$ cat structure.cif   # mmCIF, C-alpha atoms
data_run
#
loop_
_atom_site.label_atom_id
_atom_site.label_comp_id
_atom_site.auth_asym_id
_atom_site.auth_seq_id
_atom_site.Cartn_x
_atom_site.Cartn_y
_atom_site.Cartn_z
CA MET X 1321 0.00 0.00 0.00
CA SER X 1322 1.16 3.51 -0.78
CA ALA X 1323 2.37 5.56 2.17
CA ARG X 1324 0.25 8.47 0.97
CA LEU X 1325 -3.48 8.42 1.50
CA ASP X 1326 -6.05 9.80 -0.89
CA LEU X 1327 -8.39 12.32 0.60
CA LEU X 1328 -11.71 10.94 1.85
CA GLN X 1329 -14.74 12.38 0.13
CA GLY X 1330 -15.93 15.53 1.87
CA THR X 1331 -12.91 16.05 4.12
CA LEU X 1332 -11.17 18.70 2.04
CA ASP X 1333 -13.46 21.49 3.28
CA LEU X 1334 -12.75 20.60 6.89
CA LEU X 1335 -9.00 20.48 6.25
CA ILE X 1336 -9.06 23.88 4.59
CA LEU X 1337 -11.03 25.39 7.48
CA LYS X 1338 -8.53 23.94 9.91
CA ALA X 1339 -5.51 25.13 7.93
CA VAL X 1340 -6.92 28.63 7.61
CA SER X 1341 -7.87 28.71 11.29
CA LEU X 1342 -4.17 28.60 12.13
CA GLY X 1343 -3.58 31.90 10.35
CA PRO X 1344 -4.40 33.63 7.04
CA LEU X 1345 -3.11 31.76 4.00
CA HIS X 1346 -3.10 32.04 0.24
CA GLY X 1347 -4.23 29.09 -1.86
CA TYR X 1348 -0.82 27.53 -2.30
CA GLY X 1349 -0.15 28.19 1.38
CA VAL X 1350 -3.23 26.16 2.29
CA LEU X 1351 -1.79 23.26 0.35
CA LEU X 1352 1.61 23.58 1.98
CA ARG X 1353 0.12 23.91 5.45
CA ILE X 1354 -2.03 20.80 5.04
CA GLN X 1355 0.97 18.88 3.72
CA GLN X 1356 3.08 20.18 6.58
CA ILE X 1357 0.66 19.27 9.37
CA SER X 1358 -0.12 15.91 7.80
CA ALA X 1359 3.63 15.31 7.42
CA GLY X 1360 3.11 14.76 3.70
CA ARG X 1361 0.96 11.68 4.18
CA LEU X 1362 -2.08 13.13 2.45
CA GLU X 1363 -2.49 13.35 -1.33
CA ILE X 1364 -4.43 16.46 -2.30
CA GLN X 1365 -5.32 17.28 -5.88
CA GLN X 1366 -4.02 20.81 -6.18
CA GLY X 1367 -6.72 21.79 -8.66
CA SER X 1368 -9.54 20.67 -6.36
CA LEU X 1369 -8.39 23.20 -3.77
CA TYR X 1370 -9.75 26.23 -5.56
CA PRO X 1371 -13.35 25.14 -6.14
CA ALA X 1372 -13.39 24.25 -2.43
CA LEU X 1373 -12.00 27.66 -1.47
CA TYR X 1374 -14.62 29.44 -3.58
CA ARG X 1375 -17.34 27.26 -2.13
CA LEU X 1376 -16.26 27.99 1.44
CA GLU X 1377 -16.03 31.69 0.71
CA HIS X 1378 -19.49 31.59 -0.85
CA GLN X 1379 -20.80 29.92 2.31
CA GLY X 1380 -19.29 32.78 4.31
CA TRP X 1381 -16.96 30.53 6.29
CA ILE X 1382 -13.79 32.12 4.97
CA SER X 1383 -13.16 35.59 3.59
CA SER X 1384 -10.48 36.70 1.19
CA GLU X 1385 -8.45 39.77 0.41
CA TRP X 1386 -5.57 40.47 -1.91
CA GLY X 1387 -2.20 40.90 -0.31
CA GLU X 1388 1.44 40.33 -0.98
CA SER X 1389 3.13 37.00 -0.43
CA ASP X 1390 6.57 36.38 1.08
CA ASN X 1391 8.16 36.38 -2.36
CA LYS X 1392 6.57 39.76 -3.23
CA ARG X 1393 3.85 38.24 -5.36
CA LYS X 1394 0.25 39.40 -5.38
CA ALA X 1395 -1.76 36.68 -3.66
CA LYS X 1396 -5.26 36.19 -2.38
CA TYR X 1397 -5.27 35.54 1.34
CA TYR X 1398 -8.01 33.56 3.04
CA ARG X 1399 -8.94 33.87 6.68
CA LEU X 1400 -11.57 32.20 8.85
CA THR X 1401 -14.74 34.16 9.63
CA PRO X 1402 -16.60 33.79 12.96
CA ALA X 1403 -19.19 31.69 11.12
CA GLY X 1404 -16.35 29.58 9.75
CA ARG X 1405 -14.98 29.10 13.25
CA ARG X 1406 -18.35 27.77 14.41
CA GLN X 1407 -18.58 25.56 11.33
CA LEU X 1408 -15.09 24.19 11.98
CA ARG X 1409 -16.04 23.38 15.57
CA THR X 1410 -19.24 21.51 14.64
CA GLU X 1411 -17.62 19.69 11.73
CA ALA X 1412 -14.58 18.70 13.79
CA GLU X 1413 -16.85 17.43 16.52
CA LYS X 1414 -18.92 15.46 14.01
CA TRP X 1415 -15.77 14.03 12.48
CA ASN X 1416 -14.36 12.97 15.83
CA ARG X 1417 -17.61 11.27 16.77
CA MET X 1418 -17.68 9.43 13.45
CA ALA X 1419 -14.00 8.45 13.71
CA GLY X 1420 -14.51 7.21 17.29
CA LEU X 1421 -17.54 5.22 16.25
CA MET X 1422 -15.75 3.66 13.28
CA ALA X 1423 -12.72 2.82 15.43
CA SER X 1424 -14.84 1.12 18.06
CA ILE X 1425 -16.79 -0.81 15.40
CA LEU X 1426 -13.64 -1.94 13.62
CA SER X 1427 -11.95 -3.09 16.81
CA THR X 1428 -14.85 -5.30 17.84
CA THR X 1429 -13.75 -8.86 18.70
CA PRO X 1430 -15.92 -12.02 18.46
CA GLU X 1431 -16.20 -12.19 22.27
CA GLN X 1432 -17.83 -8.79 22.42
CA VAL X 1433 -20.68 -9.67 20.08
CA MET Y 1207 -22.56 37.48 8.46
CA THR Y 1208 -22.99 34.31 6.46
CA LEU Y 1209 -25.90 35.81 4.60
CA VAL Y 1210 -23.94 38.98 3.85
CA ALA Y 1211 -21.02 36.94 2.50
CA ARG Y 1212 -23.33 34.89 0.29
CA LEU Y 1213 -25.04 37.99 -1.02
CA ARG Y 1214 -21.68 39.58 -1.72
CA SER Y 1215 -20.35 36.53 -3.57
CA TRP Y 1216 -23.59 36.24 -5.54
CA TRP Y 1217 -23.41 39.94 -6.38
CA ARG Y 1218 -19.83 39.63 -7.56
CA ALA Y 1219 -20.59 36.54 -9.61
CA THR Y 1220 -23.54 38.13 -11.39
CA ARG Y 1221 -22.33 41.74 -11.68
CA HIS Y 1222 -18.62 41.31 -12.22
CA PRO Y 1223 -18.09 37.86 -13.76
CA ALA Y 1224 -15.14 39.08 -15.83
CA ARG Y 1225 -13.34 40.50 -12.83
CA MET Y 1226 -14.00 37.30 -10.90
CA GLU Y 1227 -12.60 35.23 -13.72
CA SER Y 1228 -9.46 37.32 -14.06
CA GLU Y 1229 -8.95 37.16 -10.29
CA MET Y 1230 -9.35 33.39 -10.48
CA ASP Y 1231 -6.81 33.24 -13.31
CA ALA Y 1232 -4.37 35.36 -11.33
CA GLU Y 1233 -4.82 33.17 -8.30
CA LEU Y 1234 -4.23 29.93 -10.20
CA GLN Y 1235 -1.28 31.49 -12.00
CA ALA Y 1236 0.24 32.51 -8.67
CA HIS Y 1237 -0.31 28.99 -7.36
CA MET Y 1238 1.51 27.39 -10.26
CA GLU Y 1239 4.41 29.82 -10.09
CA SER Y 1240 4.75 29.22 -6.38
CA HIS Y 1241 4.72 25.49 -6.93
CA ALA Y 1242 7.30 25.78 -9.71
CA GLU Y 1243 9.55 27.78 -7.38
CA TYR Y 1244 9.06 25.13 -4.73
CA LEU Y 1245 10.12 22.44 -7.19
CA ILE Y 1246 13.12 24.47 -8.37
CA ALA Y 1247 14.17 24.91 -4.75
CA ALA Y 1248 13.91 21.12 -4.43
CA GLY Y 1249 16.39 20.75 -7.27
CA VAL Y 1250 14.18 20.30 -10.31
CA PRO Y 1251 15.43 22.08 -13.50
CA ALA Y 1252 13.43 25.24 -14.28
CA ASP Y 1253 11.80 24.00 -17.52
CA GLU Y 1254 10.81 20.72 -15.99
CA ALA Y 1255 9.58 22.51 -12.84
CA HIS Y 1256 7.08 24.63 -14.77
CA ARG Y 1257 5.85 21.62 -16.70
CA ARG Y 1258 5.51 19.56 -13.53
CA ALA Y 1259 3.71 22.41 -11.77
CA ARG Y 1260 1.10 22.49 -14.52
CA LEU Y 1261 0.70 18.72 -14.57
CA GLU Y 1262 0.54 18.26 -10.82
CA PHE Y 1263 -2.13 20.92 -10.58
CA GLY Y 1264 -4.51 18.27 -11.86
CA PRO Y 1265 -8.18 18.72 -12.70
CA VAL Y 1266 -9.69 22.00 -11.59
CA GLY Y 1267 -13.28 20.88 -11.29
CA GLN Y 1268 -14.36 24.26 -12.56
CA ALA Y 1269 -13.46 25.57 -15.96
CA LYS Y 1270 -13.92 28.58 -18.13
CA GLU Y 1271 -15.94 28.03 -21.27
CA VAL Y 1272 -14.09 28.97 -24.42
CA GLY Y 1273 -16.33 27.46 -27.08
CA VAL Y 1274 -19.09 25.03 -27.90
CA ALA Y 1275 -18.52 21.73 -29.71
CA GLY Y 1276 -21.01 19.19 -30.97
CA ASP Y 1277 -21.55 15.84 -29.31
CA VAL Y 1278 -19.48 12.88 -30.42
CA ARG Y 1279 -20.43 9.21 -30.37
CA GLN Y 1280 -17.18 8.34 -28.72
CA TYR Y 1281 -17.73 4.86 -27.32
CA LYS Y 1282 -20.67 3.33 -29.11
CA LEU Y 1283 -22.45 4.31 -32.25
CA GLU Y 1284 -25.87 3.19 -31.09
CA THR Y 1285 -26.13 4.99 -27.77
CA THR Y 1286 -26.95 8.67 -27.66
CA PRO Y 1287 -23.82 10.50 -26.54
CA PRO Y 1288 -23.71 11.65 -22.92
CA MET Y 1289 -22.98 15.24 -21.88
CA GLN Y 1290 -19.48 16.03 -23.05
CA PHE Y 1291 -16.87 18.68 -22.65
CA TYR Y 1292 -13.23 19.03 -23.60
CA LEU Y 1293 -10.46 20.08 -21.25
CA PRO Y 1294 -6.89 21.12 -22.00
CA LEU Y 1295 -4.79 17.97 -21.73
CA TRP Y 1296 -2.72 19.32 -18.86
CA GLN Y 1297 -5.85 19.91 -16.79
CA THR Y 1298 -7.43 16.52 -17.22
CA GLY Y 1299 -4.86 14.50 -15.34
CA GLU Y 1300 -5.19 11.79 -17.97
CA TRP Y 1301 -1.96 10.56 -19.44
CA SER Y 1302 -3.14 9.41 -22.81
CA ALA Y 1303 -4.83 11.26 -25.60
CA ASN Y 1304 -6.18 10.63 -29.07
CA ILE Y 1305 -5.12 12.86 -31.90
CA VAL Y 1306 -7.51 13.21 -34.82
CA ALA Y 1307 -6.19 14.39 -38.17
CA ARG Y 1308 -7.90 14.88 -41.50
CA THR Y 1309 -5.91 14.23 -44.63
CA THR Y 1310 -6.25 13.85 -48.37
CA SER Y 1311 -2.94 11.98 -48.69
CA PRO Y 1312 -2.68 8.24 -47.88
CA PRO Y 1313 -3.27 7.71 -44.13
CA ASP Y 1314 -0.06 5.64 -43.77
CA ARG Y 1315 2.10 8.51 -44.89
CA LEU Y 1316 0.39 10.92 -42.48
CA ALA Y 1317 0.74 8.38 -39.67
CA SER Y 1318 4.51 8.13 -40.02
CA ALA Y 1319 4.78 11.92 -40.29
CA MET Y 1320 2.79 12.26 -37.08
CA ARG Y 1321 4.94 9.69 -35.30
CA THR Y 1322 8.03 11.63 -36.25
CA LEU Y 1323 6.44 14.84 -35.04
CA VAL Y 1324 5.52 13.32 -31.68
CA ARG Y 1325 8.99 11.79 -31.30
CA ASN Y 1326 10.63 15.17 -31.99
CA LEU Y 1327 8.38 16.87 -29.43
CA ASP Y 1328 9.04 14.36 -26.68
CA PRO Y 1329 10.86 11.05 -27.29
CA ALA Y 1330 9.31 9.65 -24.11
CA VAL Y 1331 5.79 9.80 -25.56
CA ALA Y 1332 4.65 6.68 -27.39
CA ALA Y 1333 2.37 7.19 -30.36
CA GLY Y 1334 0.19 4.08 -30.31
CA ALA Y 1335 -2.09 2.54 -32.84
CA VAL Y 1336 -2.97 4.61 -35.88
CA ARG Y 1337 -6.33 3.81 -37.36
CA THR Y 1338 -8.43 5.40 -40.04
CA GLY Y 1339 -11.94 6.60 -39.30
CA ASP Y 1340 -13.37 3.92 -41.58
CA GLU Y 1341 -11.57 1.19 -39.65
CA ILE Y 1342 -12.89 2.49 -36.33
CA VAL Y 1343 -16.44 2.70 -37.59
CA ALA Y 1344 -16.24 -0.73 -39.24
CA GLY Y 1345 -14.85 -2.22 -36.03
CA ALA Y 1346 -17.56 -0.61 -33.96
CA THR Y 1347 -20.36 -1.80 -36.21
CA ALA Y 1348 -19.17 -5.26 -37.30
CA GLU Y 1349 -21.02 -7.17 -34.61
CA ARG Y 1350 -24.16 -5.12 -35.04
CA ARG Y 1351 -24.04 -5.50 -38.77
CA PHE Y 1352 -23.95 -9.29 -38.44
CA GLU Y 1353 -26.81 -9.27 -35.95
CA THR Y 1354 -28.83 -7.01 -38.18
CA PHE Y 1355 -28.11 -9.18 -41.20
CA LEU Y 1356 -29.35 -12.28 -39.35
CA LEU Y 1357 -32.37 -10.42 -38.06
CA THR Y 1358 -33.22 -9.12 -41.51
CA ALA Y 1359 -32.76 -12.55 -43.09
CA PHE Y 1360 -34.97 -14.30 -40.55
CA GLY Y 1361 -37.50 -11.51 -40.70
CA GLY Y 1362 -37.54 -11.67 -44.48
CA ILE Y 1363 -38.02 -15.45 -44.48
CA ALA Y 1364 -40.81 -15.16 -41.92
CA LEU Y 1365 -42.52 -12.48 -43.96
CA PHE Y 1366 -42.21 -14.49 -47.15
CA LEU Y 1367 -43.55 -17.67 -45.54
CA SER Y 1368 -46.50 -15.90 -44.01
CA LEU Y 1369 -47.31 -14.17 -47.29
CA VAL Y 1370 -47.17 -17.48 -49.17
CA GLY Y 1371 -49.31 -19.12 -46.49
CA LEU Y 1372 -51.82 -16.32 -46.56
CA TYR Y 1373 -52.03 -16.39 -50.32
CA ALA Y 1374 -52.50 -20.16 -50.40
CA LEU Y 1375 -55.15 -20.11 -47.69
CA MET Y 1376 -57.14 -17.27 -49.21
CA THR Y 1377 -56.93 -18.81 -52.68
CA TYR Y 1378 -58.06 -22.14 -51.31
CA SER Y 1379 -61.01 -20.64 -49.45
CA VAL Y 1380 -62.17 -18.77 -52.56
CA GLU Y 1381 -61.63 -21.78 -54.80
CA GLN Y 1382 -63.83 -23.79 -52.48
CA ARG Y 1383 -66.59 -21.41 -53.39
CA THR Y 1384 -66.23 -22.03 -57.13
CA ALA Y 1385 -69.48 -23.99 -57.18
CA GLU Y 1386 -71.33 -21.31 -55.24
CA ILE Y 1387 -69.99 -18.64 -57.57
CA GLY Y 1388 -71.09 -20.72 -60.53
CA ILE Y 1389 -74.61 -20.95 -59.17
CA ARG Y 1390 -74.72 -17.19 -58.55
CA MET Y 1391 -73.54 -16.60 -62.10
CA ALA Y 1392 -76.07 -19.11 -63.48
CA LEU Y 1393 -78.81 -17.25 -61.63
CA GLY Y 1394 -77.70 -14.06 -63.35
CA ALA Y 1395 -75.34 -12.36 -60.95
CA GLN Y 1396 -72.99 -9.84 -62.53
CA PRO Y 1397 -69.28 -10.76 -62.37
CA ARG Y 1398 -68.65 -7.37 -60.77
CA SER Y 1399 -71.05 -7.94 -57.90
CA VAL Y 1400 -69.61 -11.43 -57.34
CA MET Y 1401 -66.10 -9.95 -57.24
CA ARG Y 1402 -67.30 -7.33 -54.81
CA LEU Y 1403 -68.80 -10.00 -52.59
CA VAL Y 1404 -65.62 -12.08 -52.54
CA LEU Y 1405 -63.34 -9.09 -52.04
CA HIS Y 1406 -65.59 -7.74 -49.31
CA GLN Y 1407 -65.46 -10.95 -47.32
CA GLY Y 1408 -61.75 -11.46 -48.02
CA SER Y 1409 -60.83 -7.94 -46.95
CA ARG Y 1410 -62.87 -8.26 -43.76
CA LEU Y 1411 -60.84 -11.31 -42.87
CA ALA Y 1412 -57.60 -9.59 -43.86
CA LEU Y 1413 -58.36 -6.48 -41.81
CA ALA Y 1414 -59.26 -8.57 -38.77
CA GLY Y 1415 -55.95 -10.41 -39.18
CA ILE Y 1416 -54.05 -7.17 -39.52
CA ALA Y 1417 -55.67 -5.76 -36.38
CA LEU Y 1418 -54.70 -8.91 -34.51
CA GLY Y 1419 -51.18 -8.66 -35.94
CA PHE Y 1420 -50.91 -5.04 -34.84
CA ALA Y 1421 -51.89 -5.93 -31.30
CA CYS Y 1422 -49.47 -8.86 -31.12
CA SER Y 1423 -46.53 -6.99 -32.58
CA TRP Y 1424 -47.22 -4.03 -30.30
CA LEU Y 1425 -46.74 -6.39 -27.37
CA VAL Y 1426 -43.85 -8.43 -28.74
CA THR Y 1427 -41.66 -5.92 -30.61
CA ARG Y 1428 -40.53 -4.25 -27.39
CA THR Y 1429 -38.32 -7.27 -26.79
CA LEU Y 1430 -36.53 -6.17 -29.97
CA ALA Y 1431 -35.71 -2.77 -28.56
CA SER Y 1432 -32.10 -3.60 -27.72
CA LEU Y 1433 -31.43 -4.60 -31.31
CA LEU Y 1434 -32.81 -1.45 -32.84
CA PHE Y 1435 -30.90 1.67 -33.73
CA GLU Y 1436 -32.71 5.00 -33.83
CA VAL Y 1437 -35.98 3.19 -34.53
CA LYS Y 1438 -38.68 2.74 -31.92
CA PRO Y 1439 -40.01 -0.81 -31.44
CA THR Y 1440 -43.38 0.55 -32.49
CA ASP Y 1441 -42.20 2.21 -35.67
CA LEU Y 1442 -45.35 3.36 -37.49
CA PRO Y 1443 -44.01 3.38 -41.08
CA THR Y 1444 -42.85 -0.24 -40.66
CA PHE Y 1445 -46.17 -1.30 -39.18
CA PHE Y 1446 -48.03 0.48 -41.94
CA ALA Y 1447 -45.89 -0.97 -44.75
CA VAL Y 1448 -46.25 -4.53 -43.48
CA ALA Y 1449 -50.01 -4.07 -43.04
CA CYS Y 1450 -50.31 -2.79 -46.61
CA LEU Y 1451 -48.27 -5.73 -47.92
CA PHE Y 1452 -50.48 -8.27 -46.17
CA CYS Y 1453 -53.61 -6.47 -47.31
CA ALA Y 1454 -52.44 -6.45 -50.93
CA ILE Y 1455 -51.50 -10.12 -50.86
CA ALA Y 1456 -54.82 -11.07 -49.24
CA LEU Y 1457 -56.83 -9.14 -51.82
CA ALA Y 1458 -54.78 -10.57 -54.67
CA ALA Y 1459 -55.36 -14.02 -53.24
CA CYS Y 1460 -59.11 -13.36 -53.34
CA CYS Y 1461 -59.07 -11.64 -56.70
CA PHE Y 1462 -57.42 -14.19 -58.96
CA PRO Y 1463 -59.51 -17.25 -58.03
CA ALA Y 1464 -62.68 -15.16 -57.97
CA ARG Y 1465 -61.94 -13.77 -61.43
CA ARG Y 1466 -61.24 -17.27 -62.68
CA ALA Y 1467 -64.53 -18.49 -61.17
CA THR Y 1468 -66.58 -15.67 -62.70
CA GLY Y 1469 -64.85 -16.05 -66.03
CA VAL Y 1470 -65.72 -19.67 -66.74
CA ASP Y 1471 -68.98 -21.17 -67.89
CA PRO Y 1472 -71.36 -21.62 -64.95
CA LEU Y 1473 -71.83 -25.27 -65.91
CA MET Y 1474 -68.08 -25.86 -65.83
CA SER Y 1475 -67.79 -24.27 -62.44
CA LEU Y 1476 -70.63 -26.38 -61.17
CA ARG Y 1477 -68.84 -29.45 -62.40
CA ALA Y 1478 -65.72 -28.36 -60.63
CA GLU Y 1479 -67.23 -29.71 -57.48
#

$ encode --input "structure.cif" --output "structure tokens"
Amino acid sequence: MSARLDLLQGTLDLLILKAVSLGPLHGYGVLLRIQQISAGRLEIQQGSLYPALYRLEHQGWISSEWGESDNKRKAKYYRLTPAGRRQLRTEAEKWNRMAGLMASILSTTPEQV
Amino acid sequence: MTLVARLRSWWRATRHPARMESEMDAELQAHMESHAEYLIAAGVPADEAHRRARLEFGPVGQAKEVGVAGDVRQYKLETTPPMQFYLPLWQTGEWSANIVARTTSPPDRLASAMRTLVRNLDPAVAAGAVRTGDEIVAGATAERRFETFLLTAFGGIALFLSLVGLYALMTYSVEQRTAEIGIRMALGAQPRSVMRLVLHQGSRLALAGIALGFACSWLVTRTLASLLFEVKPTDLPTFFAVACLFCAIALAACCFPARRATGVDPLMSLRAE
């Protein structure tokens, strides 16, 4: 099996919210941050990032403004809105519940049935 | 807050689509340049880095429309084509592509020219099978053509047999009435009225048969649907043509023996019994 995991359906939005919650980022920065905090174990289609960013902005969970990047390039920076912070909290909680449930189901032994 | 953001993004999308698009372009451009720089920093040569940056960007999921193309029957000739769109090769994330070329010179010559061209562009790219449009179409339709041939042959035989049977039966039933016709003629009936009588009864029978045939084929032809191409199982012109054919044969089958019966001497026809 490959060391890198493909992204589960529907998790990209949550990852972006999390990445942006750690500080304003431009699109490429979001990618780098996710790769950094996942220690490069997650495979993200770079192109799929932008539709997700636009969707999240449209939902009002992130906002954007043009700024200048470290290498003096014009870049669009995304930051979390208060609504986005609430969304991140609920989604993270939902995810943790689901992950906990799946883990407990998958670790069931014959004796426990 | 959420509502305001949605309203603002909707407003921007409807009022300033061009600005939104150019911003999107700028953003994607910046992304690819950043990624190229990242690759260069990791030791990839500059040319290769820009190429890799474009390729690794992968499918966008959203695209800008640059033109409208017609649908193409790409996989099967007999299914209506699904919704289709074309993407620049570097955005699709697919590593093979078909190149279509139109030529008036022999296809073989063009094929080798194209291979050379591809090899000069990038020796690592393999130009696979070269086929002409005729070959592709023939390959796609060969099986169907055989099926259709069989179907047509069996259908033709069935039609022929039923027409022969119908003709024989109708002729026989009219010939059985030779004596009756003779008596009518002997009693002074006009040949025309006798013909009318025979044709009237024959056509009633034929029409009843055709109605029954219509009903049966309406029920049964839907099992043919998978074998048909751009024809409905209840294709009216076909139904109509077959009905006319049967009608004509039935009437002819009545006509000839009736004419023969009215034409001969009543005494002869009486003796025919």

$ resolve_selection --input "structure.cif" --expression "the PyMOL selection byres ((chain X and resi 1379-1394) around 12)" --output "PyMOL selection string"
(chain X and resi 1333-1334+1336-1341+1343-1349+1372-1378+1395-1409) or (chain Y and resi 1207-1216+1229-1230+1232-1237+1239-1240+1243-1244)

$ residues_around --input "structure.cif" --residues "Gln1355 in chain X" --least-positions-apart "3" --cutoff "12 Å" --atoms "only C-alpha atoms" --output "PyMOL selection string"
chain X and resi 1324-1325+1327+1335-1336+1339+1348-1352+1358-1366

$ resolve_selection --input "structure.cif" --expression "the PyMOL selection byres ((chain Y and resi 1339-1349) around 12)" --output "PDB file with C-alpha atoms, in the frame of the given file"
ATOM      1  CA  ARG Y1279     -20.430   9.210 -30.370  1.00  0.00           C
ATOM      2  CA  GLN Y1280     -17.180   8.340 -28.720  1.00  0.00           C
ATOM      3  CA  TYR Y1281     -17.730   4.860 -27.320  1.00  0.00           C
ATOM      4  CA  LYS Y1282     -20.670   3.330 -29.110  1.00  0.00           C
ATOM      5  CA  LEU Y1283     -22.450   4.310 -32.250  1.00  0.00           C
ATOM      6  CA  GLU Y1284     -25.870   3.190 -31.090  1.00  0.00           C
ATOM      7  CA  THR Y1285     -26.130   4.990 -27.770  1.00  0.00           C
ATOM      8  CA  ILE Y1305      -5.120  12.860 -31.900  1.00  0.00           C
ATOM      9  CA  VAL Y1306      -7.510  13.210 -34.820  1.00  0.00           C
ATOM     10  CA  ALA Y1307      -6.190  14.390 -38.170  1.00  0.00           C
ATOM     11  CA  ARG Y1308      -7.900  14.880 -41.500  1.00  0.00           C
ATOM     12  CA  THR Y1309      -5.910  14.230 -44.630  1.00  0.00           C
ATOM     13  CA  PRO Y1313      -3.270   7.710 -44.130  1.00  0.00           C
ATOM     14  CA  ALA Y1335      -2.090   2.540 -32.840  1.00  0.00           C
ATOM     15  CA  VAL Y1336      -2.970   4.610 -35.880  1.00  0.00           C
ATOM     16  CA  ARG Y1337      -6.330   3.810 -37.360  1.00  0.00           C
ATOM     17  CA  THR Y1338      -8.430   5.400 -40.040  1.00  0.00           C
ATOM     18  CA  ARG Y1350     -24.160  -5.120 -35.040  1.00  0.00           C
ATOM     19  CA  ARG Y1351     -24.040  -5.500 -38.770  1.00  0.00           C
ATOM     20  CA  PHE Y1352     -23.950  -9.290 -38.440  1.00  0.00           C
ATOM     21  CA  GLU Y1353     -26.810  -9.270 -35.950  1.00  0.00           C
ATOM     22  CA  THR Y1354     -28.830  -7.010 -38.180  1.00  0.00           C
ATOM     23  CA  PHE Y1355     -28.110  -9.180 -41.200  1.00  0.00           C
ATOM     24  CA  LEU Y1356     -29.350 -12.280 -39.350  1.00  0.00           C
ATOM     25  CA  LEU Y1433     -31.430  -4.600 -31.310  1.00  0.00           C
ATOM     26  CA  PHE Y1435     -30.900   1.670 -33.730  1.00  0.00           C
TER      27      PHE Y1435
END

$ atom_distance --input "structure.cif" --atom1 "CA of Arg1410 in chain Y" --atom2 "CA of Leu1457 in chain Y"
10.1 Å

$ residues_around --input "structure.cif" --residues "Phe1291 in chain Y" --least-positions-apart "5" --cutoff "9 Å" --atoms "only C-alpha atoms" --output "ChimeraX atom specification"
/Y:1274-1275,1277

$ atom_distance --input "structure.cif" --atom1 "CA of Val1404 in chain Y" --atom2 "CA of Cys1460 in chain Y"
6.7 Å

$ atom_distance --input "structure.cif" --atom1 "CA of Gly1419 in chain Y" --atom2 "CA of Asp1441 in chain Y"
14.1 Å

$ axis_aligned_box --input "structure.cif" --around "range 1413-1429 of chain X" --padding-each-side "6 Å" --output "lines of an AutoDock Vina configuration file"
center_x = -15.4
center_y = 4.3
center_z = 15.6
size_x = 19.0
size_y = 38.3
size_z = 18.2

$ resolve_selection --input "structure.cif" --expression "the PyMOL selection byres ((chain Y and resi 1400) around 12)" --output "PyMOL selection string"
chain Y and resi 1380+1383-1384+1386-1399+1401-1407+1460-1461+1463-1469

$ closest_residue --input "structure.cif" --among "X:Gly1367, X:Leu1332, X:Glu1431, X:Gln1356" --to "chain Y" --atoms "only C-alpha atoms"
X:Gly1367

$ decode --input "structure.cif" --residues "range 1440-1451 of chain Y" --atoms "N, CA and C atoms" --output "short mmCIF file (atom, residue, chain, number, x, y, z; two decimals), in the first residue's frame"
data_model
loop_
_atom_site.label_atom_id
_atom_site.label_comp_id
_atom_site.auth_asym_id
_atom_site.auth_seq_id
_atom_site.Cartn_x
_atom_site.Cartn_y
_atom_site.Cartn_z
N THR Y 1440 -42.08 0.38 -31.86
CA THR Y 1440 -43.38 0.55 -32.49
C THR Y 1440 -43.26 1.61 -33.59
N ASP Y 1441 -42.46 1.27 -34.59
CA ASP Y 1441 -42.20 2.21 -35.67
C ASP Y 1441 -43.38 2.22 -36.64
N LEU Y 1442 -44.11 3.32 -36.70
CA LEU Y 1442 -45.35 3.36 -37.49
C LEU Y 1442 -45.15 3.07 -38.98
N PRO Y 1443 -44.18 3.68 -39.65
CA PRO Y 1443 -44.01 3.38 -41.08
C PRO Y 1443 -43.83 1.88 -41.34
N THR Y 1444 -43.05 1.20 -40.49
CA THR Y 1444 -42.85 -0.24 -40.66
C THR Y 1444 -44.17 -0.97 -40.50
N PHE Y 1445 -44.88 -0.66 -39.42
CA PHE Y 1445 -46.17 -1.30 -39.18
C PHE Y 1445 -47.09 -1.10 -40.38
N PHE Y 1446 -47.12 0.13 -40.86
CA PHE Y 1446 -48.03 0.48 -41.94
C PHE Y 1446 -47.65 -0.27 -43.22
N ALA Y 1447 -46.35 -0.31 -43.53
CA ALA Y 1447 -45.89 -0.97 -44.75
C ALA Y 1447 -46.23 -2.45 -44.72
N VAL Y 1448 -45.98 -3.09 -43.57
CA VAL Y 1448 -46.25 -4.53 -43.48
C VAL Y 1448 -47.75 -4.78 -43.59
N ALA Y 1449 -48.56 -3.92 -42.96
CA ALA Y 1449 -50.01 -4.07 -43.04
C ALA Y 1449 -50.47 -3.98 -44.48
N CYS Y 1450 -49.93 -2.98 -45.22
CA CYS Y 1450 -50.31 -2.79 -46.61
C CYS Y 1450 -49.93 -4.03 -47.44
N LEU Y 1451 -48.75 -4.56 -47.18
CA LEU Y 1451 -48.27 -5.73 -47.92
C LEU Y 1451 -49.23 -6.90 -47.72
#
